[in-house]
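The block underneath contains the structure these notes are about, expressed in structure tokens.
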Amino acid sequence: VNAAVAFGHAGRGPHGHPTIRHTVVAPDGVVLAAYDKIHVCDYGDCSETAMGFRSGDTAVSFSWRGWRVGLVICADMRYPELARTLCCDHGCDIILQPTAFARDISFRTWKSFRETRAVENSVYWLGVNYSGRRFGCSSWTPPWVDETHEPEVLGTEPGVLVGVASRIELERVRRELPFRRPRSSYHSAKL
């Protein structure tokens, strides 16, 4: 298979502390990117801080077959600055998000955050979760979501999710719905 493989695992930060890492490897075994989760979870069923994990400090992206791809992990999506940095400063077209979203107090908002981040940044968003009755709902979300542009979503059973990224569709969305503006266009505003 001529494909890159993305996976999550425990890592070590620059000072030796444990991190939650997202790594992408090319077909020839070369590491394309490695990202240490910035927004470590400290609530619900997955209090990662209680398990000793510490935050990373750098947004990470890479190029793959003409696409710019950004990496986030699980609860990173709850903080819009990271997605905005990946999209505006790194020029990302696709965001990859491995998760371990249990059906706890935070699960209900997982769908709305994925859709919001995809739309507000005009990117495709791939959110992949464990399967099983306590997890599920992996999805491929397009850069615009409405009645004719719905995310592809898996249930709780194991399955395969095939998402198609279209450069033509991405450019159309960015042209017609220009939510993804350079930061300089609104930095001078008094909020």
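Identifiers for the structure tokens are assigned positionally: chains receive A, B, ... in sequence, residues are indexed from 1 per chain, and ligands are indexed from 1 in the order shown.
Using only C-alpha atoms, the contacts of Leu71 in chain A at a cut-off of 7 Å, with sequence neighbours closer than 5 positions omitted, comprise Tyr35, Val60, Ser61, Ile95, Leu96 and Gln97 of chain A.
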Practice task
Check range 62-162 of chain A with DSSP on the backbone and list each residue it calls strand (DSSP E or B), as number ranges by chain.
Solution key: A: 62-64, 67-71, 94-98, 124-128, 139-141, 146, 149, 152-153
Please produce a file of those selected residues containing N, CA, C and O atoms, as a short mmCIF file (atom, residue, chain, number, x, y, z; two decimals), in the first residue's frame.
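Result file is result-v9.cif:
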```
data_model
loop_
_atom_site.label_atom_id
_atom_site.label_comp_id
_atom_site.auth_asym_id
_atom_site.auth_seq_id
_atom_site.Cartn_x
_atom_site.Cartn_y
_atom_site.Cartn_z
N PHE A 62 2.67 19.02 7.83
CA PHE A 62 3.57 18.44 6.83
C PHE A 62 2.88 18.44 5.47
O PHE A 62 1.66 18.63 5.39
N SER A 63 3.65 18.24 4.42
CA SER A 63 3.09 18.17 3.07
C SER A 63 3.01 16.72 2.62
O SER A 63 3.92 15.93 2.90
N TRP A 64 1.90 16.38 1.95
CA TRP A 64 1.71 15.02 1.44
C TRP A 64 0.91 15.11 0.15
O TRP A 64 -0.24 15.53 0.15
N TRP A 67 -0.97 18.29 -0.64
CA TRP A 67 -1.85 18.80 0.41
C TRP A 67 -1.00 19.17 1.63
O TRP A 67 -0.04 18.49 1.94
N ARG A 68 -1.41 20.22 2.32
CA ARG A 68 -0.77 20.58 3.59
C ARG A 68 -1.67 20.02 4.69
O ARG A 68 -2.88 20.28 4.72
N VAL A 69 -1.07 19.23 5.59
CA VAL A 69 -1.83 18.48 6.59
C VAL A 69 -1.38 18.89 7.99
O VAL A 69 -0.18 18.89 8.29
N GLY A 70 -2.33 19.24 8.84
CA GLY A 70 -2.04 19.63 10.22
C GLY A 70 -2.43 18.52 11.19
O GLY A 70 -3.34 17.73 10.92
N LEU A 71 -1.72 18.47 12.31
CA LEU A 71 -1.97 17.44 13.31
C LEU A 71 -2.50 18.04 14.60
O LEU A 71 -1.96 19.03 15.11
N ILE A 94 -6.04 20.01 5.33
CA ILE A 94 -6.62 18.86 6.02
C ILE A 94 -6.07 18.83 7.43
O ILE A 94 -4.89 19.08 7.65
N ILE A 95 -6.94 18.51 8.39
CA ILE A 95 -6.51 18.30 9.78
C ILE A 95 -6.78 16.85 10.14
O ILE A 95 -7.88 16.34 9.91
N LEU A 96 -5.77 16.18 10.70
CA LEU A 96 -5.91 14.80 11.20
C LEU A 96 -6.01 14.83 12.71
O LEU A 96 -5.16 15.44 13.37
N GLN A 97 -7.01 14.14 13.25
CA GLN A 97 -7.26 14.16 14.69
C GLN A 97 -7.53 12.75 15.22
O GLN A 97 -8.67 12.30 15.22
N PRO A 98 -6.52 12.05 15.75
CA PRO A 98 -6.82 10.81 16.45
C PRO A 98 -7.38 11.16 17.84
O PRO A 98 -6.97 12.16 18.43
N TYR A 124 -10.69 20.25 5.39
CA TYR A 124 -11.24 18.93 5.66
C TYR A 124 -10.73 18.50 7.03
O TYR A 124 -9.59 18.80 7.39
N TRP A 125 -11.59 17.79 7.80
CA TRP A 125 -11.22 17.38 9.15
C TRP A 125 -11.50 15.89 9.29
O TRP A 125 -12.64 15.45 9.16
N LEU A 126 -10.45 15.12 9.55
CA LEU A 126 -10.60 13.69 9.80
C LEU A 126 -10.42 13.43 11.28
O LEU A 126 -9.33 13.59 11.82
N GLY A 127 -11.52 13.08 11.95
CA GLY A 127 -11.50 12.74 13.38
C GLY A 127 -11.70 11.24 13.53
O GLY A 127 -12.74 10.72 13.12
N VAL A 128 -10.72 10.55 14.09
CA VAL A 128 -10.77 9.09 14.21
C VAL A 128 -10.79 8.71 15.69
O VAL A 128 -9.92 9.11 16.45
N SER A 139 -15.22 10.50 11.89
CA SER A 139 -15.85 11.20 10.78
C SER A 139 -14.85 11.89 9.86
O SER A 139 -13.74 12.22 10.26
N TRP A 140 -15.29 12.09 8.62
CA TRP A 140 -14.61 12.90 7.61
C TRP A 140 -15.54 14.08 7.37
O TRP A 140 -16.64 13.93 6.85
N THR A 141 -15.10 15.27 7.78
CA THR A 141 -15.94 16.47 7.69
C THR A 141 -15.43 17.37 6.58
O THR A 141 -14.24 17.70 6.53
N ASP A 146 -23.63 21.51 5.34
CA ASP A 146 -25.05 21.85 5.26
C ASP A 146 -25.80 20.60 4.82
O ASP A 146 -25.24 19.50 4.83
N HIS A 149 -23.89 18.81 2.11
CA HIS A 149 -22.46 18.57 2.39
C HIS A 149 -22.34 18.07 3.84
O HIS A 149 -21.89 18.81 4.71
N GLU A 152 -19.14 12.39 6.64
CA GLU A 152 -19.26 10.93 6.60
C GLU A 152 -18.94 10.45 8.00
O GLU A 152 -17.88 10.79 8.54
N VAL A 153 -19.84 9.67 8.63
CA VAL A 153 -19.66 9.29 10.03
C VAL A 153 -19.84 7.79 10.22
O VAL A 153 -20.80 7.21 9.68
#
```
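Nearest-residue note for Gly16 in chain A: choosing from A:Val1, A:Phe53, A:Val31, A:Pro151, the minimum distance belongs to A:Phe53, counting only C-alpha atoms.
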Exercise for the section: Skip range 74-83 of chain A itself and residues of its chain fewer than 2 positions away, then list as a list of chain:residue names all residues within 9 Å of it, counting only C-alpha atoms. Expected result: A:Lys37, A:Ile38, A:His39, A:Val40, A:Cys41, A:Ala59, A:Gly70, A:Leu71, A:Val72, A:Thr85, A:Leu86, A:Cys87, A:Cys88, A:Ile95, A:Gln97, A:Pro98, A:Thr99, A:Ala100, A:Phe101, A:Trp110, A:Phe113, A:Arg114, A:Arg117, A:Ala118, A:Asn121, A:Gly127, A:Val128, A:Asn129
Saved selection, atoms kept: C-alpha atoms, as an mmCIF file, in the first residue's frame:
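Dumped to selection-v5.cif:
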```cif
data_model
loop_
_atom_site.group_PDB
_atom_site.id
_atom_site.type_symbol
_atom_site.label_atom_id
_atom_site.label_comp_id
_atom_site.auth_asym_id
_atom_site.auth_seq_id
_atom_site.Cartn_x
_atom_site.Cartn_y
_atom_site.Cartn_z
ATOM 1 C CA LYS A 37 -0.493 17.226 22.205
ATOM 2 C CA ILE A 38 -0.677 20.832 23.395
ATOM 3 C CA HIS A 39 -4.031 20.791 25.210
ATOM 4 C CA VAL A 40 -3.719 17.874 27.629
ATOM 5 C CA CYS A 41 -7.142 16.866 28.974
ATOM 6 C CA ALA A 59 1.951 23.248 16.168
ATOM 7 C CA GLY A 70 -2.044 19.626 10.224
ATOM 8 C CA LEU A 71 -1.966 17.436 13.310
ATOM 9 C CA VAL A 72 -4.078 17.729 16.444
ATOM 10 C CA THR A 85 -2.637 28.570 13.521
ATOM 11 C CA LEU A 86 -2.440 25.382 11.453
ATOM 12 C CA CYS A 87 -4.728 26.839 8.789
ATOM 13 C CA CYS A 88 -3.596 30.475 8.602
ATOM 14 C CA ILE A 95 -6.514 18.303 9.776
ATOM 15 C CA GLN A 97 -7.255 14.161 14.686
ATOM 16 C CA PRO A 98 -6.817 10.808 16.455
ATOM 17 C CA THR A 99 -8.937 10.640 19.609
ATOM 18 C CA ALA A 100 -9.977 8.547 22.550
ATOM 19 C CA PHE A 101 -13.322 10.265 23.128
ATOM 20 C CA TRP A 110 -17.223 16.194 19.734
ATOM 21 C CA PHE A 113 -16.458 21.013 17.451
ATOM 22 C CA ARG A 114 -15.207 19.021 14.440
ATOM 23 C CA ARG A 117 -13.333 23.879 13.162
ATOM 24 C CA ALA A 118 -13.696 22.532 9.597
ATOM 25 C CA ASN A 121 -11.029 27.280 8.815
ATOM 26 C CA GLY A 127 -11.496 12.738 13.376
ATOM 27 C CA VAL A 128 -10.773 9.094 14.210
ATOM 28 C CA ASN A 129 -11.975 7.503 17.450
#
```
Practice task
Please run DSSP on the backbone and report, as an MDAnalysis selection string, all residues within range 18-191 of chain A that come out as helix (DSSP H, G or I).
Solution key: chainID A and resid 44:46 74:78 80:89 108:121 167:176 183:185
Can you write just those residues out, N, CA and C atoms, as a short mmCIF file (atom, residue, chain, number, x, y, z; two decimals), in the first residue's frame?
```cif
data_model
loop_
_atom_site.label_atom_id
_atom_site.label_comp_id
_atom_site.auth_asym_id
_atom_site.auth_seq_id
_atom_site.Cartn_x
_atom_site.Cartn_y
_atom_site.Cartn_z
N GLY A 44 -13.29 14.89 32.85
CA GLY A 44 -14.01 13.72 32.34
C GLY A 44 -13.27 12.41 32.61
N ASP A 45 -13.59 11.40 31.79
CA ASP A 45 -13.03 10.06 31.97
C ASP A 45 -11.57 9.96 31.54
N CYS A 46 -11.02 11.00 30.92
CA CYS A 46 -9.67 10.87 30.38
C CYS A 46 -8.72 11.92 30.95
N CYS A 74 -7.23 14.70 19.89
CA CYS A 74 -8.38 14.66 20.79
C CYS A 74 -8.87 16.06 21.18
N ALA A 75 -8.74 16.43 22.44
CA ALA A 75 -9.31 17.67 22.97
C ALA A 75 -8.66 18.94 22.46
N ASP A 76 -7.59 18.85 21.67
CA ASP A 76 -7.01 20.05 21.05
C ASP A 76 -8.07 20.83 20.28
N MET A 77 -9.07 20.14 19.74
CA MET A 77 -10.08 20.80 18.91
C MET A 77 -10.92 21.79 19.70
N ARG A 78 -10.93 21.69 21.02
CA ARG A 78 -11.73 22.60 21.85
C ARG A 78 -11.12 23.99 21.95
N PRO A 80 -9.73 26.88 19.65
CA PRO A 80 -9.72 27.27 18.24
C PRO A 80 -8.38 27.84 17.76
N GLU A 81 -7.54 28.33 18.66
CA GLU A 81 -6.29 28.95 18.25
C GLU A 81 -5.37 27.96 17.54
N LEU A 82 -5.34 26.70 17.97
CA LEU A 82 -4.45 25.73 17.34
C LEU A 82 -4.88 25.46 15.89
N ALA A 83 -6.17 25.21 15.67
CA ALA A 83 -6.65 24.98 14.31
C ALA A 83 -6.42 26.21 13.45
N ARG A 84 -6.63 27.39 14.01
CA ARG A 84 -6.43 28.63 13.24
C ARG A 84 -4.96 28.81 12.87
N THR A 85 -4.07 28.49 13.80
CA THR A 85 -2.64 28.57 13.52
C THR A 85 -2.25 27.60 12.41
N LEU A 86 -2.75 26.37 12.49
CA LEU A 86 -2.44 25.38 11.45
C LEU A 86 -2.96 25.83 10.09
N CYS A 87 -4.13 26.44 10.06
CA CYS A 87 -4.73 26.84 8.79
C CYS A 87 -4.17 28.15 8.25
N CYS A 88 -4.05 29.16 9.09
CA CYS A 88 -3.60 30.47 8.60
C CYS A 88 -2.08 30.58 8.50
N ASP A 89 -1.35 30.06 9.48
CA ASP A 89 0.10 30.20 9.49
C ASP A 89 0.81 29.06 8.75
N ARG A 108 -20.74 14.54 23.66
CA ARG A 108 -21.80 15.16 22.86
C ARG A 108 -21.28 16.31 22.00
N THR A 109 -20.28 17.03 22.50
CA THR A 109 -19.79 18.19 21.77
C THR A 109 -18.73 17.84 20.72
N TRP A 110 -18.27 16.57 20.68
CA TRP A 110 -17.22 16.19 19.73
C TRP A 110 -17.63 16.49 18.29
N LYS A 111 -18.85 16.13 17.92
CA LYS A 111 -19.36 16.35 16.55
C LYS A 111 -19.41 17.84 16.22
N SER A 112 -19.96 18.64 17.10
CA SER A 112 -20.10 20.07 16.80
C SER A 112 -18.75 20.77 16.71
N PHE A 113 -17.79 20.39 17.54
CA PHE A 113 -16.46 21.01 17.45
C PHE A 113 -15.76 20.66 16.14
N ARG A 114 -15.84 19.41 15.71
CA ARG A 114 -15.21 19.02 14.44
C ARG A 114 -15.80 19.83 13.29
N GLU A 115 -17.11 19.91 13.24
CA GLU A 115 -17.77 20.64 12.17
C GLU A 115 -17.43 22.13 12.23
N THR A 116 -17.44 22.70 13.41
CA THR A 116 -17.12 24.12 13.55
C THR A 116 -15.70 24.41 13.10
N ARG A 117 -14.74 23.63 13.55
CA ARG A 117 -13.33 23.88 13.16
C ARG A 117 -13.15 23.71 11.65
N ALA A 118 -13.81 22.73 11.05
CA ALA A 118 -13.70 22.53 9.60
C ALA A 118 -14.24 23.74 8.85
N VAL A 119 -15.42 24.20 9.24
CA VAL A 119 -16.08 25.32 8.55
C VAL A 119 -15.35 26.63 8.78
N GLU A 120 -15.02 26.95 10.03
CA GLU A 120 -14.41 28.26 10.29
C GLU A 120 -13.00 28.39 9.71
N ASN A 121 -12.37 27.26 9.39
CA ASN A 121 -11.03 27.28 8.82
C ASN A 121 -10.98 26.80 7.37
N ARG A 167 -9.63 19.41 -4.33
CA ARG A 167 -9.02 20.74 -4.41
C ARG A 167 -10.03 21.74 -4.98
N ILE A 168 -10.82 21.31 -5.97
CA ILE A 168 -11.82 22.18 -6.58
C ILE A 168 -12.87 22.60 -5.55
N GLU A 169 -13.35 21.64 -4.77
CA GLU A 169 -14.35 21.95 -3.73
C GLU A 169 -13.76 22.86 -2.65
N LEU A 170 -12.54 22.59 -2.24
CA LEU A 170 -11.88 23.39 -1.21
C LEU A 170 -11.73 24.84 -1.69
N GLU A 171 -11.29 25.03 -2.92
CA GLU A 171 -11.13 26.38 -3.46
C GLU A 171 -12.47 27.08 -3.62
N ARG A 172 -13.52 26.34 -4.01
CA ARG A 172 -14.85 26.93 -4.13
C ARG A 172 -15.33 27.44 -2.77
N VAL A 173 -15.20 26.60 -1.75
CA VAL A 173 -15.63 26.99 -0.40
C VAL A 173 -14.86 28.21 0.07
N ARG A 174 -13.56 28.21 -0.12
CA ARG A 174 -12.74 29.33 0.33
C ARG A 174 -13.07 30.63 -0.41
N ARG A 175 -13.48 30.51 -1.65
CA ARG A 175 -13.85 31.69 -2.44
C ARG A 175 -15.24 32.20 -2.05
N GLU A 176 -16.22 31.30 -1.97
CA GLU A 176 -17.61 31.70 -1.73
C GLU A 176 -17.93 31.97 -0.26
N ARG A 183 -4.92 36.54 9.43
CA ARG A 183 -5.10 37.17 10.74
C ARG A 183 -4.95 38.68 10.66
N SER A 184 -4.12 39.16 9.77
CA SER A 184 -3.89 40.61 9.65
C SER A 184 -5.17 41.35 9.29
N SER A 185 -6.15 40.66 8.71
CA SER A 185 -7.39 41.33 8.31
C SER A 185 -8.28 41.67 9.50
#
```
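If only C-alpha atoms are the atoms counted, then among A:Pro14, A:Cys92, A:Gly163, A:Ser122 the closest residue to Ser55 in chain A is A:Pro14.
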Exercise for the section: Tell me which of A:Val164, A:Ile20, A:Ile73, A:Val25 sits closest to Asn2 in chain A, counting only C-alpha atoms. Expected result: A:Val25
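Between Gly159 in chain A and the candidates A:Pro178, A:Gly132, A:Arg103, A:Arg21, the tightest atom-to-atom separation, counting only C-alpha atoms, involves A:Gly132.
Pairwise distance (CA of Ala26 in chain A, CA of Ser138 in chain A) equals 22.6 Å.
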